[in-house]
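**Student:** See model.cif below, with mmCIF, C-alpha atoms and all ligand atoms.
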```cif
data_target
#
loop_
_atom_site.group_PDB
_atom_site.id
_atom_site.type_symbol
_atom_site.label_atom_id
_atom_site.label_comp_id
_atom_site.auth_asym_id
_atom_site.auth_seq_id
_atom_site.Cartn_x
_atom_site.Cartn_y
_atom_site.Cartn_z
ATOM 1 C CA MET H 627 210.971 -76.129 199.920
ATOM 2 C CA ALA H 628 211.845 -77.391 203.374
ATOM 3 C CA ILE H 629 209.276 -79.647 204.999
ATOM 4 C CA THR H 630 208.423 -78.162 208.387
ATOM 5 C CA LEU H 631 206.085 -79.030 211.241
ATOM 6 C CA PRO H 632 203.202 -76.543 211.277
ATOM 7 C CA ASP H 633 202.030 -75.256 214.650
ATOM 8 C CA LEU H 634 198.737 -76.590 215.942
ATOM 9 C CA PRO H 635 195.925 -74.163 215.025
ATOM 10 C CA TYR H 636 195.008 -73.965 218.759
ATOM 11 C CA ALA H 637 196.605 -74.284 222.191
ATOM 12 C CA LYS H 638 197.573 -77.780 223.383
ATOM 13 C CA ASP H 639 194.803 -77.748 225.987
ATOM 14 C CA ALA H 640 192.144 -76.255 223.689
ATOM 15 C CA LEU H 641 190.418 -79.577 223.053
ATOM 16 C CA GLU H 642 190.261 -80.640 226.709
ATOM 17 C CA PRO H 643 188.546 -82.452 228.329
ATOM 18 C CA HIS H 644 187.884 -84.440 225.151
ATOM 19 C CA ILE H 645 191.379 -84.690 223.695
ATOM 20 C CA SER H 646 194.002 -83.945 226.316
ATOM 21 C CA ALA H 647 197.055 -81.715 226.054
ATOM 22 C CA ARG H 648 199.025 -84.893 226.788
ATOM 23 C CA THR H 649 197.635 -86.543 223.643
ATOM 24 C CA LEU H 650 198.447 -83.488 221.531
ATOM 25 C CA GLU H 651 201.969 -83.304 223.001
ATOM 26 C CA PHE H 652 202.646 -86.823 221.789
ATOM 27 C CA HIS H 653 200.558 -86.686 218.634
ATOM 28 C CA HIS H 654 201.803 -83.330 217.316
ATOM 29 C CA ASP H 655 205.213 -82.864 218.949
ATOM 30 C CA LYS H 656 206.367 -86.488 218.657
ATOM 31 C CA HIS H 657 204.402 -88.378 215.970
ATOM 32 C CA HIS H 658 203.807 -85.536 213.508
ATOM 33 C CA GLN H 659 207.349 -84.221 214.087
ATOM 34 C CA ALA H 660 208.784 -87.698 213.433
ATOM 35 C CA TYR H 661 207.088 -87.857 210.024
ATOM 36 C CA VAL H 662 208.580 -84.436 209.168
ATOM 37 C CA THR H 663 212.043 -85.499 210.346
ATOM 38 C CA ASN H 664 211.924 -88.841 208.518
ATOM 39 C CA LEU H 665 210.685 -87.291 205.289
ATOM 40 C CA THR H 666 213.364 -84.601 205.394
ATOM 41 C CA LYS H 667 216.058 -87.288 205.672
ATOM 42 C CA LEU H 668 214.532 -89.477 202.953
ATOM 43 C CA ILE H 669 214.303 -86.731 200.324
ATOM 44 C CA ALA H 670 217.636 -85.050 201.104
ATOM 45 C CA GLY H 671 219.728 -84.909 197.938
ATOM 46 C CA THR H 672 216.959 -86.334 195.715
ATOM 47 C CA ASP H 673 214.829 -84.676 193.033
ATOM 48 C CA MET H 674 212.058 -84.470 195.629
ATOM 49 C CA GLU H 675 214.036 -82.284 198.016
ATOM 50 C CA ASN H 676 212.506 -79.038 196.807
ATOM 51 C CA MET H 677 209.061 -80.276 195.777
ATOM 52 C CA PRO H 678 205.857 -79.110 197.459
ATOM 53 C CA LEU H 679 204.508 -81.761 199.851
ATOM 54 C CA GLU H 680 201.485 -82.520 197.636
ATOM 55 C CA ASP H 681 203.766 -83.256 194.664
ATOM 56 C CA ILE H 682 205.928 -85.581 196.772
ATOM 57 C CA ILE H 683 202.788 -87.510 197.771
ATOM 58 C CA LYS H 684 201.536 -87.810 194.198
ATOM 59 C CA LYS H 685 204.958 -88.753 192.760
ATOM 60 C CA SER H 686 205.721 -91.420 195.391
ATOM 61 C CA SER H 687 202.224 -92.938 195.501
ATOM 62 C CA GLY H 688 202.103 -96.489 194.164
ATOM 63 C CA ASP H 689 205.904 -96.728 193.800
ATOM 64 C CA ALA H 690 207.094 -99.578 196.043
ATOM 65 C CA ALA H 691 210.649 -98.226 195.966
ATOM 66 C CA LYS H 692 209.369 -94.936 197.421
ATOM 67 C CA ALA H 693 207.038 -96.395 200.054
ATOM 68 C CA GLY H 694 208.978 -94.797 202.915
ATOM 69 C CA ILE H 695 208.787 -91.384 201.283
ATOM 70 C CA PHE H 696 205.080 -91.790 200.539
ATOM 71 C CA ASN H 697 204.217 -92.953 204.060
ATOM 72 C CA ASN H 698 206.014 -90.092 205.774
ATOM 73 C CA ALA H 699 204.906 -87.419 203.289
ATOM 74 C CA ALA H 700 201.271 -88.498 203.448
ATOM 75 C CA GLN H 701 201.382 -88.613 207.247
ATOM 76 C CA VAL H 702 202.777 -85.068 207.351
ATOM 77 C CA TRP H 703 199.902 -83.894 205.150
ATOM 78 C CA ASN H 704 197.212 -85.992 206.872
ATOM 79 C CA HIS H 705 198.052 -84.699 210.341
ATOM 80 C CA THR H 706 198.160 -81.045 209.301
ATOM 81 C CA PHE H 707 194.728 -81.535 207.728
ATOM 82 C CA TYR H 708 193.384 -83.414 210.779
ATOM 83 C CA TRP H 709 194.359 -80.615 213.217
ATOM 84 C CA ASN H 710 192.256 -78.243 211.152
ATOM 85 C CA CYS H 711 189.275 -80.589 211.289
ATOM 86 C CA MET H 712 188.909 -79.930 215.035
ATOM 87 C CA LYS H 713 188.462 -76.832 217.175
ATOM 88 C CA LYS H 714 187.538 -75.755 220.683
ATOM 89 C CA ASN H 715 183.747 -75.917 221.095
ATOM 90 C CA GLY H 716 183.322 -77.749 217.808
ATOM 91 C CA GLY H 717 180.380 -79.882 216.783
ATOM 92 C CA GLY H 718 177.052 -78.767 215.375
ATOM 93 C CA LYS H 719 176.178 -78.920 211.708
ATOM 94 C CA PRO H 720 178.014 -78.104 208.454
ATOM 95 C CA GLY H 721 177.473 -74.870 206.544
ATOM 96 C CA PRO H 722 174.966 -74.531 203.703
ATOM 97 C CA LYS H 723 177.119 -75.682 200.775
ATOM 98 C CA LEU H 724 178.401 -78.834 202.466
ATOM 99 C CA SER H 725 175.009 -79.567 204.049
ATOM 100 C CA ALA H 726 173.385 -79.585 200.627
ATOM 101 C CA LYS H 727 176.018 -82.003 199.296
ATOM 102 C CA ILE H 728 175.684 -84.272 202.352
ATOM 103 C CA ASP H 729 171.899 -84.364 202.059
ATOM 104 C CA ALA H 730 172.145 -85.163 198.343
ATOM 105 C CA ALA H 731 174.661 -87.972 198.894
ATOM 106 C CA PHE H 732 173.422 -89.558 202.123
ATOM 107 C CA GLY H 733 169.788 -88.475 202.482
ATOM 108 C CA SER H 734 170.321 -86.680 205.793
ATOM 109 C CA PHE H 735 173.024 -85.377 208.130
ATOM 110 C CA ASP H 736 172.244 -88.109 210.680
ATOM 111 C CA LYS H 737 172.624 -90.810 208.054
ATOM 112 C CA PHE H 738 175.966 -89.330 207.011
ATOM 113 C CA ILE H 739 177.216 -89.342 210.634
ATOM 114 C CA GLU H 740 176.146 -92.973 210.998
ATOM 115 C CA GLU H 741 177.990 -93.985 207.820
ATOM 116 C CA MET H 742 181.121 -91.955 208.628
ATOM 117 C CA LYS H 743 181.321 -93.468 212.131
ATOM 118 C CA ASN H 744 180.821 -96.906 210.636
ATOM 119 C CA ALA H 745 183.677 -96.356 208.164
ATOM 120 C CA ALA H 746 185.948 -95.151 210.989
ATOM 121 C CA VAL H 747 185.103 -97.963 213.387
ATOM 122 C CA THR H 748 185.517 -100.675 210.726
ATOM 123 C CA GLN H 749 188.884 -99.401 209.462
ATOM 124 C CA PHE H 750 190.895 -102.418 210.632
ATOM 125 C CA GLY H 751 194.077 -101.362 212.401
ATOM 126 C CA SER H 752 195.645 -97.980 211.681
ATOM 127 C CA GLY H 753 194.233 -95.547 209.175
ATOM 128 C CA TRP H 754 191.911 -92.673 208.453
ATOM 129 C CA ALA H 755 188.248 -92.025 207.688
ATOM 130 C CA TRP H 756 187.543 -89.217 205.210
ATOM 131 C CA LEU H 757 184.787 -87.192 203.684
ATOM 132 C CA VAL H 758 185.967 -86.353 200.170
ATOM 133 C CA LEU H 759 184.791 -84.287 197.260
ATOM 134 C CA ASP H 760 184.602 -86.345 194.078
ATOM 135 C CA GLY H 761 183.676 -83.868 191.381
ATOM 136 C CA ASP H 762 180.554 -82.198 192.754
ATOM 137 C CA THR H 763 179.593 -85.097 195.051
ATOM 138 C CA VAL H 764 180.742 -85.907 198.574
ATOM 139 C CA LYS H 765 181.522 -89.460 199.599
ATOM 140 C CA ILE H 766 183.090 -91.373 202.468
ATOM 141 C CA MET H 767 186.458 -93.036 202.110
ATOM 142 C CA LYS H 768 188.631 -94.991 204.506
ATOM 143 C CA THR H 769 192.347 -95.508 204.049
ATOM 144 C CA SER H 770 194.935 -97.737 205.712
ATOM 145 C CA ASN H 771 198.076 -96.504 207.416
ATOM 146 C CA ALA H 772 199.274 -93.333 205.631
ATOM 147 C CA ASP H 773 197.150 -93.567 202.506
ATOM 148 C CA CYS H 774 195.137 -90.459 201.651
ATOM 149 C CA PRO H 775 192.578 -89.127 199.117
ATOM 150 C CA LEU H 776 195.191 -87.020 197.310
ATOM 151 C CA ALA H 777 196.866 -90.256 196.183
ATOM 152 C CA HIS H 778 193.554 -91.296 194.572
ATOM 153 C CA GLY H 779 192.698 -88.021 192.840
ATOM 154 C CA GLN H 780 190.144 -87.059 195.504
ATOM 155 C CA LYS H 781 189.882 -83.831 197.476
ATOM 156 C CA ALA H 782 189.717 -84.223 201.262
ATOM 157 C CA VAL H 783 186.977 -82.288 203.061
ATOM 158 C CA LEU H 784 187.187 -83.825 206.556
ATOM 159 C CA THR H 785 189.223 -86.521 208.265
ATOM 160 C CA ILE H 786 189.399 -88.492 211.484
ATOM 161 C CA ASP H 787 192.671 -90.092 212.533
ATOM 162 C CA VAL H 788 191.861 -93.606 213.758
ATOM 163 C CA TRP H 789 195.411 -94.667 214.554
ATOM 164 C CA GLU H 790 195.385 -95.657 218.242
ATOM 165 C CA HIS H 791 197.889 -92.882 219.042
ATOM 166 C CA ALA H 792 195.112 -90.370 218.253
ATOM 167 C CA TYR H 793 192.821 -91.516 221.050
ATOM 168 C CA TYR H 794 194.384 -94.151 223.302
ATOM 169 C CA LEU H 795 195.436 -91.884 226.195
ATOM 170 C CA ASP H 796 191.939 -90.369 226.396
ATOM 171 C CA PHE H 797 189.672 -93.205 225.303
ATOM 172 C CA GLN H 798 191.891 -96.345 225.530
ATOM 173 C CA ASN H 799 190.365 -98.940 223.183
ATOM 174 C CA ARG H 800 186.985 -97.189 222.908
ATOM 175 C CA ARG H 801 187.226 -95.965 219.326
ATOM 176 C CA PRO H 802 183.420 -95.500 219.053
ATOM 177 C CA ASP H 803 183.500 -93.081 222.027
ATOM 178 C CA TYR H 804 186.301 -91.086 220.371
ATOM 179 C CA LEU H 805 184.249 -90.888 217.160
ATOM 180 C CA ALA H 806 181.100 -89.783 218.991
ATOM 181 C CA THR H 807 183.092 -87.099 220.834
ATOM 182 C CA PHE H 808 184.718 -85.974 217.591
ATOM 183 C CA PHE H 809 181.332 -85.213 216.025
ATOM 184 C CA GLU H 810 179.615 -83.893 219.176
ATOM 185 C CA LYS H 811 182.389 -81.703 220.626
ATOM 186 C CA LEU H 812 185.323 -81.222 218.260
ATOM 187 C CA VAL H 813 184.537 -81.230 214.555
ATOM 188 C CA ASN H 814 185.301 -77.942 212.765
ATOM 189 C CA TRP H 815 182.581 -77.650 210.130
ATOM 190 C CA GLU H 816 183.685 -74.105 209.217
ATOM 191 C CA PHE H 817 186.964 -75.541 207.958
ATOM 192 C CA ALA H 818 185.162 -78.156 205.851
ATOM 193 C CA GLU H 819 182.766 -75.530 204.492
ATOM 194 C CA SER H 820 185.721 -73.338 203.502
ATOM 195 C CA LEU H 821 186.847 -76.110 201.133
ATOM 196 C CA MET H 822 183.542 -76.151 199.192
HETATM 197 MN MN MN3 I 901 198.064 -89.687 213.956
#
```
Represent the structure contained in this file as structure tokens.
Ligand code: MN3
**Tutor:**
Amino acid sequence: MAITLPDLPYAKDALEPHISARTLEFHHDKHHQAYVTNLTKLIAGTDMENMPLEDIIKKSSGDAAKAGIFNNAAQVWNHTFYWNCMKKNGGGKPGPKLSAKIDAAFGSFDKFIEEMKNAAVTQFGSGWAWLVLDGDTVKIMKTSNADCPLAHGQKAVLTIDVWEHAYYLDFQNRRPDYLATFFEKLVNWEFAESLM
């Protein structure tokens, strides 16, 4: 199974003025593509060459000798998932199934947003903030660099890329502004609900 770069699920300018076409040109066409290209080279001729991406992530996780494979494979997966977590005219509130889980876990939607933003803003350096499904319960997780819930037996429901390349052209160093915009204008709750 060849590892390929999936198309963005929207036009490059669909998220403007919040996330620019320029950011998506670099983020999707250069960064995401580079992870695909690197992974393809790293697994060529190995027993991982024909594995599904999820299996490559699980098999290479925690193996220091396969750190390069893990990092690139997880970044391929993470970015594909992240694109789906945003849409044109996003924002609003989750659907009924996810809302019920969020209320049960955090007390209220507003409290969840506060905690998710806090996780994302306190992720030191590069990484990701996630909402994950752990059994029947949702919880917040943050990961460094390429690490992802799949490597920890968790199911991702929503993610925010907090590597600087995700927001620097549009927000410079203002990560909190990027996070506020993500939840007010971009988040695709229909996608998250579809995973319940
Ligand atoms: Mn990124």
**Student:** May I have the residues within 7 Å of ligand MN3 901 (chain I), computed using only C-alpha atoms and all ligand atoms, as a list in words?
**Tutor:** His653, His657, His705, Asp787, Trp789, His791 and Ala792 of chain H
**Student:** Produce a file of the selected residues containing C-alpha atoms, as a tab-separated table (two decimals), in the coordinates of the input.
**Tutor:**
```tsv
chain	number	residue	atom	x	y	z
H	653	HIS	CA	200.56	-86.69	218.63
H	657	HIS	CA	204.40	-88.38	215.97
H	705	HIS	CA	198.05	-84.70	210.34
H	787	ASP	CA	192.67	-90.09	212.53
H	789	TRP	CA	195.41	-94.67	214.55
H	791	HIS	CA	197.89	-92.88	219.04
H	792	ALA	CA	195.11	-90.37	218.25
```
**Student:** Evaluated on this file, the PyMOL selection byres (((chain H and resi 796-807) around 10) and not hetatm) picks out some residues - which ones are they, written as a PDB file with C-alpha atoms, in the coordinates of the input?
**Tutor:**
```
ATOM      1  CA  GLU H 642     190.261 -80.640 226.709  1.00  0.00           C
ATOM      2  CA  PRO H 643     188.546 -82.452 228.329  1.00  0.00           C
ATOM      3  CA  HIS H 644     187.884 -84.440 225.151  1.00  0.00           C
ATOM      4  CA  ILE H 645     191.379 -84.690 223.695  1.00  0.00           C
ATOM      5  CA  SER H 646     194.002 -83.945 226.316  1.00  0.00           C
ATOM      6  CA  ARG H 648     199.025 -84.893 226.788  1.00  0.00           C
ATOM      7  CA  THR H 649     197.635 -86.543 223.643  1.00  0.00           C
ATOM      8  CA  GLY H 716     183.322 -77.749 217.808  1.00  0.00           C
ATOM      9  CA  GLY H 717     180.380 -79.882 216.783  1.00  0.00           C
ATOM     10  CA  ILE H 739     177.216 -89.342 210.634  1.00  0.00           C
ATOM     11  CA  GLU H 740     176.146 -92.973 210.998  1.00  0.00           C
ATOM     12  CA  MET H 742     181.121 -91.955 208.628  1.00  0.00           C
ATOM     13  CA  LYS H 743     181.321 -93.468 212.131  1.00  0.00           C
ATOM     14  CA  ASN H 744     180.821 -96.906 210.636  1.00  0.00           C
ATOM     15  CA  ALA H 746     185.948 -95.151 210.989  1.00  0.00           C
ATOM     16  CA  VAL H 747     185.103 -97.963 213.387  1.00  0.00           C
ATOM     17  CA  THR H 748     185.517-100.675 210.726  1.00  0.00           C
ATOM     18  CA  ILE H 786     189.399 -88.492 211.484  1.00  0.00           C
ATOM     19  CA  ASP H 787     192.671 -90.092 212.533  1.00  0.00           C
ATOM     20  CA  VAL H 788     191.861 -93.606 213.758  1.00  0.00           C
ATOM     21  CA  TRP H 789     195.411 -94.667 214.554  1.00  0.00           C
ATOM     22  CA  GLU H 790     195.385 -95.657 218.242  1.00  0.00           C
ATOM     23  CA  HIS H 791     197.889 -92.882 219.042  1.00  0.00           C
ATOM     24  CA  ALA H 792     195.112 -90.370 218.253  1.00  0.00           C
ATOM     25  CA  TYR H 793     192.821 -91.516 221.050  1.00  0.00           C
ATOM     26  CA  TYR H 794     194.384 -94.151 223.302  1.00  0.00           C
ATOM     27  CA  LEU H 795     195.436 -91.884 226.195  1.00  0.00           C
ATOM     28  CA  PHE H 808     184.718 -85.974 217.591  1.00  0.00           C
ATOM     29  CA  PHE H 809     181.332 -85.213 216.025  1.00  0.00           C
ATOM     30  CA  GLU H 810     179.615 -83.893 219.176  1.00  0.00           C
ATOM     31  CA  LYS H 811     182.389 -81.703 220.626  1.00  0.00           C
ATOM     32  CA  LEU H 812     185.323 -81.222 218.260  1.00  0.00           C
ATOM     33  CA  VAL H 813     184.537 -81.230 214.555  1.00  0.00           C
TER      34      VAL H 813
END
```
**Student:** Report as a ChimeraX atom specification the full result of the PyMOL selection byres (((chain H and resi 773) around 10) and not hetatm) when it is applied to this structure.
**Tutor:** /H:683,687,696-697,699-701,704,753-754,768-772,774-778
**Student:** Care to translate the PyMOL selection byres (((chain H and resi 661) around 9) and not hetatm) into actual residues of this file, as number ranges by chain?
**Tutor:** H: 631, 656-660, 662-666, 697-702
**Student:** When distances are computed from all atoms listed in the file, which of H:Lys723, H:Lys713, H:Met822, H:Asp729 shows the smallest separation from Leu759 in chain H?
**Tutor:**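 For Leu759 in chain H, the nearest of the candidates is H:Met822.
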**Student:** Which residue is closest to Ile728 in chain H? Choose from H:Val764, H:Met677, H:Ala690, H:Asn715 and count all atoms listed in the file.
**Tutor:**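 Of the candidates, the smallest distance to Ile728 in chain H is held by H:Val764.
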**Student:** Which of these residues is nearest to Ile629 in chain H, using all atoms listed in the file: H:Met674, H:Lys685, H:Phe652, H:Pro720?
**Tutor:** H:Met674
**Student:** Could you pull the residues within 7 Å of Trp815 in chain H, counting all atoms listed in the file, minus those fewer than 3 positions along the same chain, as a VMD selection string?
**Tutor:** chain H and resid 719 to 721 818 to 819
